[in-house]
Structures are given as structure tokens and as C-alpha cells.
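Novice: Have a look at the structure that comes next, please.
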Amino acid sequence: MNNQPFKAAQRADFVGSFLRPQALKEARARKAAGTISALDLKKVEDAAITALVAKQKELGFKVVTDGEFRRQAWHLDFMWGFNGVDHAPTKTGLPFHGETAMIDDTFLTGKVSMGATHPFIDHFRFVNELAGPDAEAKLTIPAPAQFLAQMIMPFAEENTQKYYTEKEELIDDLVIAYQQFIQAVYAAGCRRLQFDDCTWGMLVDPAAVYMWGVDEGGLREIQEMNLAINNRVIAGKPSDMFINTHVCRGNYHSTYANSGAYDKVAKVLFEKENVDAYYLEFDDDRSGGFGPLKHVTGDKMVVLGLITTKSPRLEFKSLVKERIEKAAEYIPLERLCLSPQCGFASCEIGNRLTEEEQWAKLRLVQEVAGEVWG
């Protein structure tokens, strides 16, 4: 795998999502109430994204995103763009620690397929134009394994079996749909794609056997299934597209869904998943130590998520540097980068900090990266 373009891009990085400006939140509420049109909302989104990309560049970032400003949630809107997928307001939500994530229930209504196009293609074109010659646009989407989990976990299994009696058939359709999407977004100019993936975080959680309704052997089979679907999709990408992955434990209104160190999944995830880089959470004790990084194979990069997006508290620069040094005991420093551990607003509600506190976090990332890597 050739990581040179990734290495050259930036040592200071971020995952993807940003706090929605108040004007955008108000416009979305007015659209939901029927007082403005979809076109009116798009104009507000366009203006907010234009300002966001300008701010990212001002802070020195060479890879930019649209902040996921057109989405309700980091993963679900992507799924809604395919045939055979629908959603409805949730009545129960998803359990997070201390709060219930009230995001739409998302489910199958037929066979999954790409269709003529996907909304995210135009979303990418817009931010790609804003990136210009001095930056590169990155697109973040849920990993294939994440899409699969949405449809086969115990809460969804009964509905999914109306359309897929065999899990392998659903996997085959997802692989085809993802590969078609990748070819389409590549044609639109995308060379840097990120798979956001909570499935590995779920698998290391102490309650994983209960969440999945299996025993420890079943969890190992799910690891192999996740690896297989992700790698099958990656195998069909163009040779000059870089696919990275962000491994998450849940990020909703500064709460989390799962805990657990990487040890249980390291040999499968870090040794065998064919991505170019891993964005990994290491912002608190829930993520465990750096030891599993010894399993990261080849010349794959690791982006250390040492700065938390869940709190406005600004980390001490010296302590961040010390942690980078500890990580470098397991993987060479030249294969490391620095970022916040997750997005600032994985869902529209956002985390519990202000926009200025968000930017202070990213200034810190830039300062530390500059002093560590030059």
C-alpha cells in the first residue's frame, strides 16, 4: 500500500464532523416545520459549509470536510440514500451512557441497491470545489460493517429477514452498492474516503455478547464477518484512492455507547483490515493502552485521537506529547498523526462545547503536531 500522499497531507488532523452553527440549526427547524423550502435550506447549508472550510484552511488543515452539515447523523443519512432503506422518528432511541440517542430508526424496505445516484455525490462535489488547489476534500461515510450491523443486530433481524433470508445475500448486495458508490464519488474527484465504524467498539464492550445475542465464539465470527465485508469493498477501489477508518465507541451529545480496549480486536482489525490509516480513540481510560498498536501492519498510519471532543476542557500540551511518545514505543513516530478522538457533532445535536472551544481544540492539535513532527 502506498501511503505517501497520506503522510504528506497533514500530521494535525480531525475526524470529520463539526458543531452546526445556530443559523443552520434554525433553518433546519424551519424546513421541518414547512416554513422554508429545501432550496432555502440548501442555501443556508452552502453558506455554512463555505465558512467552515475557510476556517479549516485558516487553521492550517490541508484536508477539509463539510462538517457533515447536511446530515442528521453521521451514518444514517448515507444509508437513506440507497434503494431499499427507509427511516422513521424513533420511539425508543439507542442507549448511551447517561442519555438516550433519539436518532431515527433505520430499516430495510426491500433489497439494497445504489440507484441512479446518491445525495452524497453532490455533497462531495460542493466541498471539493471549496478545497481548491491548496487542500484536499475528505468524505466520511459509515463503514460497510456499520451498515450491515444496522440491519442484522437483534433489534433489526426480524424485519431484515423479510427481504434477506440469508445474511450472505445482504452482504453481497452491500458490497455491490458500496463499490458502485465509490466509483461514482471517485469520478466526482474523491481520492480520500473515510469509513467510520462503531462495530469494533461494540465488539470490545463488556456487554458485547448481550448486545449481539451470541457467545464469545459468536463475537469472533462477527469480527471476521466485519473484516470480510470491509475488505471486499476496499478491494474494488481505484488504486489511487485512499481509504481510512475511524474506530468509534459512540459519540452523542458528549455521551458514549461502549467501552473497552482494542486488545480483543487488534489482531483482526489492525493486522488484516486493508485500510491506509486508522483514526483511533485514546482520549480516556475507556480506550485502554497503546499496546495493541504493535499489531498495525505494513506501512499503515495511525491517527491518535488524544484530544477529546466530549468536553470543553483543553488538554495540557505536555501531557499530549508524553502520550505520543508512549504510543511511539509500539509504532514508529513517522507513522503517527494527531487528532481529536471523534467528531464534534456526530449527530445534529452536537457535543457539549461551544464553537470557540471546538476551534481551541483544533489549534492545540496544530500546535502539538508542529512541535512533535515539525
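Every chain in the C-alpha cells takes a letter, A first, then B, and so on in the order presented; its residues are numbered from 1, and the ligands are numbered from 1 following the presented order.
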Excluding same-chain residues fewer than 3 positions from range 191-200 of chain A, what lies within 8 Å of it counting only C-alpha atoms, as a ChimeraX atom specification?

Specialist: /A:75,136-146,149,186,203-204,223,226,240-250,265

Novice: Check the DSSP output for the backbone and give back, as a PyMOL selection string, the residues of range 76-283 of chain A in helix (DSSP H, G or I).

Specialist: chain A and resi 76-80+119-134+144-152+154-160+167-187+199-204+208-212+216-235+263-272

Novice: Which of these, A:Phe344, A:Phe270, A:Phe124, A:Tyr330, has the shortest distance to Thr309 in chain A once you count only C-alpha atoms?

Specialist: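 Of the candidates, the smallest distance to Thr309 in chain A is held by A:Phe344.
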
Novice: Using CA of Gly201 in chain A and CA of Cys337 in chain A as the two end points, give the distance in Å to one decimal.

Specialist: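 Rounded to one decimal, the two atoms are 20.8 Å apart.
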
Novice: Mind running range 59-142 of chain A against range 12-23 of chain A at 7 Å and telling me each contacting residue's nearest atom pair with the distance in Å (one decimal), counting only C-alpha atoms, chain and number ascending, as JSON lines?

Specialist:
```
{"residue": "A:Thr65", "atom": "CA", "partner": "A:Gly16", "partner_atom": "CA", "distance": 6.0}
{"residue": "A:Gly67", "atom": "CA", "partner": "A:Ser17", "partner_atom": "CA", "distance": 4.2}
{"residue": "A:Glu68", "atom": "CA", "partner": "A:Ser17", "partner_atom": "CA", "distance": 5.3}
{"residue": "A:Phe69", "atom": "CA", "partner": "A:Arg20", "partner_atom": "CA", "distance": 6.5}
{"residue": "A:Thr140", "atom": "CA", "partner": "A:Gly16", "partner_atom": "CA", "distance": 6.7}
```

Novice: Would you put the residues from that selection into a file with C-alpha atoms, as a compact mmCIF listing (two decimals), in the first residue's frame?

Specialist:
```txt
# COMPACT_ATOMS: atom_id res chain seq x y z
CA THR A 65 -14.64 18.27 5.19
CA GLY A 67 -18.53 19.11 8.73
CA GLU A 68 -21.38 16.70 7.88
CA PHE A 69 -23.58 19.84 7.92
CA THR A 140 -16.77 10.42 5.66
```

Novice: Please identify all polymer residues within 10 Å of Val320 in chain A, counting only C-alpha atoms, omitting same-chain residues fewer than 2 positions from it, and present them as a PDB file with all heavy atoms, in the first residue's frame.

Specialist:
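Everything below was put into around-v7.pdb:
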```pdb
ATOM      1  N   ASP A 283      -8.801   9.041  24.145  1.00  0.00           N
ATOM      2  CA  ASP A 283      -8.962  10.260  24.950  1.00  0.00           C
ATOM      3  C   ASP A 283      -9.266   9.987  26.408  1.00  0.00           C
ATOM      4  O   ASP A 283      -9.257  10.916  27.222  1.00  0.00           O
ATOM      5  CB  ASP A 283     -10.049  11.161  24.351  1.00  0.00           C
ATOM      6  CG  ASP A 283     -11.413  10.486  24.319  1.00  0.00           C
ATOM      7  OD1 ASP A 283     -11.470   9.260  24.081  1.00  0.00           O
ATOM      8  OD2 ASP A 283     -12.420  11.183  24.535  1.00  0.00           O
ATOM      9  N   LEU A 306      -6.158  11.862  20.749  1.00  0.00           N
ATOM     10  CA  LEU A 306      -5.785  12.175  22.134  1.00  0.00           C
ATOM     11  C   LEU A 306      -6.512  13.395  22.691  1.00  0.00           C
ATOM     12  O   LEU A 306      -6.460  13.638  23.894  1.00  0.00           O
ATOM     13  CB  LEU A 306      -4.272  12.421  22.217  1.00  0.00           C
ATOM     14  CG  LEU A 306      -3.378  11.259  21.775  1.00  0.00           C
ATOM     15  CD1 LEU A 306      -1.907  11.663  21.858  1.00  0.00           C
ATOM     16  CD2 LEU A 306      -3.629  10.022  22.635  1.00  0.00           C
ATOM     17  N   ILE A 307      -7.160  14.154  21.836  1.00  0.00           N
ATOM     18  CA  ILE A 307      -7.866  15.364  22.255  1.00  0.00           C
ATOM     19  C   ILE A 307      -9.357  15.058  22.253  1.00  0.00           C
ATOM     20  O   ILE A 307      -9.904  14.668  21.219  1.00  0.00           O
ATOM     21  CB  ILE A 307      -7.576  16.540  21.287  1.00  0.00           C
ATOM     22  CG1 ILE A 307      -6.065  16.694  21.049  1.00  0.00           C
ATOM     23  CG2 ILE A 307      -8.205  17.826  21.788  1.00  0.00           C
ATOM     24  CD1 ILE A 307      -5.278  17.013  22.290  1.00  0.00           C
ATOM     25  N   GLU A 315      -6.766  20.132  26.865  1.00  0.00           N
ATOM     26  CA  GLU A 315      -5.698  19.260  27.356  1.00  0.00           C
ATOM     27  C   GLU A 315      -4.388  20.033  27.522  1.00  0.00           C
ATOM     28  O   GLU A 315      -4.139  21.025  26.831  1.00  0.00           O
ATOM     29  CB  GLU A 315      -5.485  18.096  26.380  1.00  0.00           C
ATOM     30  CG  GLU A 315      -6.605  17.067  26.375  1.00  0.00           C
ATOM     31  CD  GLU A 315      -7.824  17.467  25.559  1.00  0.00           C
ATOM     32  OE1 GLU A 315      -7.852  18.592  25.027  1.00  0.00           O
ATOM     33  OE2 GLU A 315      -8.762  16.648  25.461  1.00  0.00           O
ATOM     34  N   PHE A 316      -3.538  19.544  28.430  1.00  0.00           N
ATOM     35  CA  PHE A 316      -2.205  20.110  28.599  1.00  0.00           C
ATOM     36  C   PHE A 316      -1.298  19.616  27.474  1.00  0.00           C
ATOM     37  O   PHE A 316      -1.191  18.403  27.238  1.00  0.00           O
ATOM     38  CB  PHE A 316      -1.611  19.722  29.960  1.00  0.00           C
ATOM     39  CG  PHE A 316      -2.284  20.378  31.128  1.00  0.00           C
ATOM     40  CD1 PHE A 316      -3.133  19.644  31.954  1.00  0.00           C
ATOM     41  CD2 PHE A 316      -2.083  21.727  31.403  1.00  0.00           C
ATOM     42  CE1 PHE A 316      -3.756  20.244  33.031  1.00  0.00           C
ATOM     43  CE2 PHE A 316      -2.699  22.334  32.480  1.00  0.00           C
ATOM     44  CZ  PHE A 316      -3.548  21.602  33.297  1.00  0.00           C
ATOM     45  N   LYS A 317      -0.643  20.534  26.818  1.00  0.00           N
ATOM     46  CA  LYS A 317       0.203  20.200  25.678  1.00  0.00           C
ATOM     47  C   LYS A 317       1.285  19.192  26.068  1.00  0.00           C
ATOM     48  O   LYS A 317       1.571  18.244  25.323  1.00  0.00           O
ATOM     49  CB  LYS A 317       0.834  21.471  25.118  1.00  0.00           C
ATOM     50  CG  LYS A 317       1.541  21.287  23.803  1.00  0.00           C
ATOM     51  CD  LYS A 317       2.236  22.570  23.351  1.00  0.00           C
ATOM     52  CE  LYS A 317       1.258  23.690  23.089  1.00  0.00           C
ATOM     53  NZ  LYS A 317       1.943  24.880  22.521  1.00  0.00           N
ATOM     54  N   SER A 318       1.880  19.367  27.225  1.00  0.00           N
ATOM     55  CA  SER A 318       2.967  18.472  27.647  1.00  0.00           C
ATOM     56  C   SER A 318       2.476  17.039  27.817  1.00  0.00           C
ATOM     57  O   SER A 318       3.190  16.079  27.469  1.00  0.00           O
ATOM     58  CB  SER A 318       3.582  18.973  28.951  1.00  0.00           C
ATOM     59  OG  SER A 318       2.604  19.020  29.984  1.00  0.00           O
ATOM     60  N   GLU A 322       3.595  13.602  25.833  1.00  0.00           N
ATOM     61  CA  GLU A 322       4.029  12.395  26.541  1.00  0.00           C
ATOM     62  C   GLU A 322       3.295  11.171  26.027  1.00  0.00           C
ATOM     63  O   GLU A 322       3.890  10.091  25.864  1.00  0.00           O
ATOM     64  CB  GLU A 322       3.781  12.556  28.044  1.00  0.00           C
ATOM     65  CG  GLU A 322       4.754  13.493  28.754  1.00  0.00           C
ATOM     66  CD  GLU A 322       4.437  13.633  30.235  1.00  0.00           C
ATOM     67  OE1 GLU A 322       3.638  12.803  30.749  1.00  0.00           O
ATOM     68  OE2 GLU A 322       4.969  14.564  30.870  1.00  0.00           O
ATOM     69  N   ARG A 323       2.014  11.320  25.752  1.00  0.00           N
ATOM     70  CA  ARG A 323       1.234  10.190  25.270  1.00  0.00           C
ATOM     71  C   ARG A 323       1.646   9.801  23.850  1.00  0.00           C
ATOM     72  O   ARG A 323       1.641   8.616  23.494  1.00  0.00           O
ATOM     73  CB  ARG A 323      -0.261  10.507  25.344  1.00  0.00           C
ATOM     74  CG  ARG A 323      -0.740  10.796  26.780  1.00  0.00           C
ATOM     75  CD  ARG A 323      -2.226  10.594  26.916  1.00  0.00           C
ATOM     76  NE  ARG A 323      -2.569   9.184  26.807  1.00  0.00           N
ATOM     77  CZ  ARG A 323      -3.772   8.744  26.443  1.00  0.00           C
ATOM     78  NH1 ARG A 323      -4.720   9.611  26.109  1.00  0.00           N
ATOM     79  NH2 ARG A 323      -4.026   7.451  26.374  1.00  0.00           N
ATOM     80  N   ILE A 324       1.995  10.778  23.040  1.00  0.00           N
ATOM     81  CA  ILE A 324       2.505  10.454  21.697  1.00  0.00           C
ATOM     82  C   ILE A 324       3.796   9.649  21.821  1.00  0.00           C
ATOM     83  O   ILE A 324       4.003   8.669  21.094  1.00  0.00           O
ATOM     84  CB  ILE A 324       2.731  11.739  20.881  1.00  0.00           C
ATOM     85  CG1 ILE A 324       1.400  12.430  20.590  1.00  0.00           C
ATOM     86  CG2 ILE A 324       3.459  11.428  19.563  1.00  0.00           C
ATOM     87  CD1 ILE A 324       1.536  13.804  19.965  1.00  0.00           C
ATOM     88  N   GLU A 325       4.656  10.048  22.735  1.00  0.00           N
ATOM     89  CA  GLU A 325       5.909   9.319  22.963  1.00  0.00           C
ATOM     90  C   GLU A 325       5.633   7.880  23.399  1.00  0.00           C
ATOM     91  O   GLU A 325       6.316   6.941  22.961  1.00  0.00           O
ATOM     92  CB  GLU A 325       6.748  10.032  24.016  1.00  0.00           C
ATOM     93  CG  GLU A 325       7.321  11.370  23.560  1.00  0.00           C
ATOM     94  CD  GLU A 325       8.063  12.084  24.670  1.00  0.00           C
ATOM     95  OE1 GLU A 325       8.171  11.500  25.773  1.00  0.00           O
ATOM     96  OE2 GLU A 325       8.537  13.208  24.428  1.00  0.00           O
ATOM     97  N   LYS A 326       4.628   7.681  24.245  1.00  0.00           N
ATOM     98  CA  LYS A 326       4.294   6.327  24.699  1.00  0.00           C
ATOM     99  C   LYS A 326       3.765   5.492  23.535  1.00  0.00           C
ATOM    100  O   LYS A 326       4.098   4.312  23.398  1.00  0.00           O
ATOM    101  CB  LYS A 326       3.264   6.391  25.824  1.00  0.00           C
ATOM    102  CG  LYS A 326       3.832   6.922  27.142  1.00  0.00           C
ATOM    103  CD  LYS A 326       2.776   6.946  28.230  1.00  0.00           C
ATOM    104  CE  LYS A 326       3.356   7.468  29.529  1.00  0.00           C
ATOM    105  NZ  LYS A 326       2.333   7.563  30.611  1.00  0.00           N
ATOM    106  N   LEU A 338      -1.922  13.173  14.776  1.00  0.00           N
ATOM    107  CA  LEU A 338      -2.686  13.588  15.954  1.00  0.00           C
ATOM    108  C   LEU A 338      -4.017  14.177  15.530  1.00  0.00           C
ATOM    109  O   LEU A 338      -4.089  14.924  14.544  1.00  0.00           O
ATOM    110  CB  LEU A 338      -1.891  14.616  16.762  1.00  0.00           C
ATOM    111  CG  LEU A 338      -2.590  15.223  17.987  1.00  0.00           C
ATOM    112  CD1 LEU A 338      -2.836  14.158  19.064  1.00  0.00           C
ATOM    113  CD2 LEU A 338      -1.765  16.377  18.549  1.00  0.00           C
ATOM    114  N   LEU A 364      -4.908  23.507  19.299  1.00  0.00           N
ATOM    115  CA  LEU A 364      -3.996  22.697  20.117  1.00  0.00           C
ATOM    116  C   LEU A 364      -3.432  21.539  19.297  1.00  0.00           C
ATOM    117  O   LEU A 364      -2.228  21.244  19.369  1.00  0.00           O
ATOM    118  CB  LEU A 364      -4.732  22.166  21.346  1.00  0.00           C
ATOM    119  CG  LEU A 364      -3.924  21.243  22.268  1.00  0.00           C
ATOM    120  CD1 LEU A 364      -2.726  21.979  22.872  1.00  0.00           C
ATOM    121  CD2 LEU A 364      -4.811  20.677  23.381  1.00  0.00           C
ATOM    122  N   VAL A 365      -4.270  20.880  18.523  1.00  0.00           N
ATOM    123  CA  VAL A 365      -3.807  19.787  17.666  1.00  0.00           C
ATOM    124  C   VAL A 365      -2.713  20.287  16.729  1.00  0.00           C
ATOM    125  O   VAL A 365      -1.653  19.652  16.579  1.00  0.00           O
ATOM    126  CB  VAL A 365      -4.983  19.191  16.866  1.00  0.00           C
ATOM    127  CG1 VAL A 365      -4.465  18.234  15.787  1.00  0.00           C
ATOM    128  CG2 VAL A 365      -5.953  18.464  17.792  1.00  0.00           C
ATOM    129  N   VAL A 368       0.620  21.116  18.774  1.00  0.00           N
ATOM    130  CA  VAL A 368       1.350  19.932  19.220  1.00  0.00           C
ATOM    131  C   VAL A 368       1.976  19.215  18.018  1.00  0.00           C
ATOM    132  O   VAL A 368       3.150  18.825  18.052  1.00  0.00           O
ATOM    133  CB  VAL A 368       0.421  18.972  19.992  1.00  0.00           C
ATOM    134  CG1 VAL A 368       1.148  17.655  20.285  1.00  0.00           C
ATOM    135  CG2 VAL A 368      -0.030  19.616  21.291  1.00  0.00           C
ATOM    136  N   ALA A 369       1.220  19.060  16.945  1.00  0.00           N
ATOM    137  CA  ALA A 369       1.760  18.389  15.760  1.00  0.00           C
ATOM    138  C   ALA A 369       2.963  19.120  15.206  1.00  0.00           C
ATOM    139  O   ALA A 369       3.960  18.494  14.809  1.00  0.00           O
ATOM    140  CB  ALA A 369       0.663  18.259  14.693  1.00  0.00           C
TER     141      ALA A 369
END
```

Novice: What's the 8 Å shell around Ala48 in chain A, counting only C-alpha atoms, without same-chain residues fewer than 2 positions away, as a list in words?

Specialist: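 Final neighbour list, sorted by chain and number: Pro21, Leu24, Val44, Glu45, Asp46, Thr50, Ala51, Leu52 and Phe69 of chain A.
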